[in-house]
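First the structure, in the form of structure tokens, and then the observations on it.
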Amino acid sequence: MADVHHFTYGAYNPIAAYLLAFLGSFLGLLCTARARDAHNRGRRNRWLAIGAFAIGGGGIWLMHFSAMLGFDVPVSPVRYDLPLTILSLVFSVATVGIGLMIVGHGERSVTRTVAAGLLSGTGVIAMHYTGMEGIRVSATIHYSPVLVAASGLIAITASTMALWFAVSVRGWAQVTGAAAVMAVAVCGMHYTGMAAMSIELTPGAPAAGGIRPLTMLVPIILITTASIVGVALSALQAMTEEEFTDGAGIQKRGVHAETPQPWMTKHTSMGAMRLTPAARAVAASRAAGGRAAGSRPSPGPRSSPRPSPSPAQAAPPATSGS
């Protein structure tokens, strides 16, 4: 048997793996919390899809391959088969997404959550061992059945717990605590599965072909960035929609629109303009003042004073005597 190293770069690998698992779980739980508050099915499905990408792609798949950067076999170069690596990503995102769609619609129930957790957990197992199958070394890989079964049990438990958190937790404190627990479970599943493997040298085996491990940094960075940007943009769009709609997708009349009153929908025969509450109050007070004034006679019209004549105009014309 050949030596196998799982922590080639020391504590960097488990710490980076845990942080990615925590970040993906945290963003995913934020998305599922927003999905529960959505008022229509389309908006809810959008948040659940982003949550599946964050948890399945970021919290599970990225965690797996960031931890795999520390995997090394000193007697053989380690390479990865690209199609199998991409297939493992599809397994993770798709099965987590299906599980979220199951628990994200309808009433919350233990039976529904357990069934969805079993399905998602099976997909996580498929993701892990598909990714392991994509490893290319000049040797033969063997697995311990007991540890494989243990890793599968942890995966199903972690998936069920994640789905239960997705429909239960609310608030920053609960989401942060749930993401921390989920990250521990995901990392535990990964390293249990890694402990199940052993390498047997194959004399005269051809050199392994495929992509280098450090090449995996590119998809890791891209998917992490896409998850963060996708959640941020969706949150901004949701805030804009909630500002200009009533929450159910019905457009408001304006940003400061008020609830229409019955009197605002009535039109006079002359097509009078609608009045605001303040203008209506002023009109009512003026009408009341007019009715009070009508109870007493109104003063008659005043004659405007005539201007007094000037001295020259007031003096009589002089007469000449003979």
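A note on labels: chains of the structure tokens are A, B, ... as shown, every chain counts residues from 1, and ligands are counted from 1 in their shown order.
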
DSSP on the backbone, alpha helix (DSSP H) only: what residues of range 80-168 of chain A does that give? Format it as a count of residues only. 69

Would you please work out which residue, of A:His64, A:Ala139, A:Pro77, A:Ala49, is nearest to Val96 in chain A when using only C-alpha atoms? A:Ala49

For the contact check between range 5-99 of chain A and range 152-172 of chain A, emit one row per residue of range 5-99 of chain A within 7 Å, containing the shortest atom pair and the distance in Å rounded to one decimal, counting only C-alpha atoms, chain then rising number order, as a Markdown table.
| residue | atom | partner | partner_atom | distance |
| --- | --- | --- | --- | --- |
| A:Leu29 | CA | A:Ala166 | CA | 5.6 |
| A:Thr32 | CA | A:Ala166 | CA | 5.6 |
| A:Ala33 | CA | A:Arg170 | CA | 6.4 |

If you count only C-alpha atoms, which residues fall within 9 Å of Met194 in chain A, apart from same-chain ones fewer than 6 positions away, as a list in words?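 The filter keeps His6, Met132, Tyr143, Leu147 and Val148 of chain A.
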
Could those residues be written to a file, using all heavy atoms, as a short mmCIF file (atom, residue, chain, number, x, y, z; two decimals), in the first residue's frame?
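File produced: part-v5.cif:
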data_model
loop_
_atom_site.label_atom_id
_atom_site.label_comp_id
_atom_site.auth_asym_id
_atom_site.auth_seq_id
_atom_site.Cartn_x
_atom_site.Cartn_y
_atom_site.Cartn_z
N HIS A 6 -3.65 13.56 3.18
CA HIS A 6 -4.89 14.32 3.03
C HIS A 6 -4.73 15.79 3.42
O HIS A 6 -5.65 16.58 3.19
CB HIS A 6 -6.00 13.69 3.86
CG HIS A 6 -6.39 12.31 3.42
ND1 HIS A 6 -7.02 12.06 2.23
CD2 HIS A 6 -6.20 11.10 4.02
CE1 HIS A 6 -7.23 10.75 2.09
NE2 HIS A 6 -6.74 10.16 3.17
N MET A 132 -14.46 11.13 -6.46
CA MET A 132 -13.34 10.24 -6.15
C MET A 132 -13.02 9.33 -7.33
O MET A 132 -11.85 9.00 -7.58
CB MET A 132 -13.68 9.40 -4.92
CG MET A 132 -13.90 10.21 -3.65
SD MET A 132 -12.44 11.14 -3.17
CE MET A 132 -11.32 9.82 -2.79
N TYR A 143 -11.67 0.81 -1.26
CA TYR A 143 -12.49 1.47 -0.24
C TYR A 143 -12.87 0.48 0.85
O TYR A 143 -13.14 -0.69 0.58
CB TYR A 143 -13.76 2.07 -0.85
CG TYR A 143 -13.50 3.22 -1.80
CD1 TYR A 143 -13.44 3.00 -3.18
CD2 TYR A 143 -13.33 4.50 -1.32
CE1 TYR A 143 -13.22 4.04 -4.05
CE2 TYR A 143 -13.10 5.56 -2.19
CZ TYR A 143 -13.04 5.32 -3.55
OH TYR A 143 -12.80 6.35 -4.41
N LEU A 147 -16.46 2.18 6.38
CA LEU A 147 -16.34 3.64 6.36
C LEU A 147 -17.17 4.26 5.23
O LEU A 147 -17.67 5.38 5.37
CB LEU A 147 -14.87 4.03 6.22
CG LEU A 147 -14.00 3.73 7.45
CD1 LEU A 147 -12.55 4.11 7.19
CD2 LEU A 147 -14.54 4.47 8.68
N VAL A 148 -17.33 3.54 4.13
CA VAL A 148 -18.20 4.04 3.06
C VAL A 148 -19.64 4.13 3.57
O VAL A 148 -20.34 5.13 3.32
CB VAL A 148 -18.10 3.13 1.83
CG1 VAL A 148 -19.21 3.48 0.83
CG2 VAL A 148 -16.74 3.28 1.16
#

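Between Leu69 in chain A and the candidates A:Ser151, A:Ser144, A:Thr8, A:Thr85, the tightest atom-to-atom separation, counting only C-alpha atoms, involves A:Thr8.
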
May I have all residues of range 49-205 of chain A that DSSP, computed from the backbone, assigns to strand (DSSP E), given as a ChimeraX atom specification? /A:79-80,135-136,139-143,197-201

Kindly save the residues from that selection, with C-alpha atoms included, as a compact mmCIF listing (two decimals), in the first residue's frame.
# COMPACT_ATOMS: atom_id res chain seq x y z
CA ARG A 79 -4.87 14.25 -11.79
CA TYR A 80 -8.64 14.66 -12.22
CA ILE A 135 -9.12 10.82 -9.49
CA ARG A 136 -6.39 9.59 -11.80
CA ALA A 139 -2.33 2.94 -8.73
CA THR A 140 -5.53 1.14 -7.75
CA ILE A 141 -7.97 2.71 -5.27
CA HIS A 142 -9.75 0.53 -2.70
CA TYR A 143 -12.49 1.47 -0.24
CA MET A 197 -9.88 4.88 0.61
CA SER A 198 -6.49 3.19 0.27
CA ILE A 199 -4.01 3.16 -2.60
CA GLU A 200 -2.38 0.01 -3.96
CA LEU A 201 0.56 0.53 -6.28

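Take the candidates A:Val75, A:Val114, A:Val137, A:Ala195 and check each one against Asp3 in chain A using only C-alpha atoms; the shortest distance goes to A:Val75.
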
Env of Leu217 in chain A: 12 Å cut, atoms = only C-alpha atoms, seq-sep filter 3 positions within chain, self excluded. Answer as JSON, numbers by chain. {"A": [16, 62, 63, 65, 66, 67, 68, 69, 211, 212, 213, 214, 220, 221, 222, 223, 224]}

Would you mind telling me which residue in A:Thr215, A:Thr192, A:Ser138, A:Thr95 lies nearest to Ser120 in chain A when using only C-alpha atoms?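 Looking at the shortest contact to Ser120 in chain A, the residue is A:Thr95.
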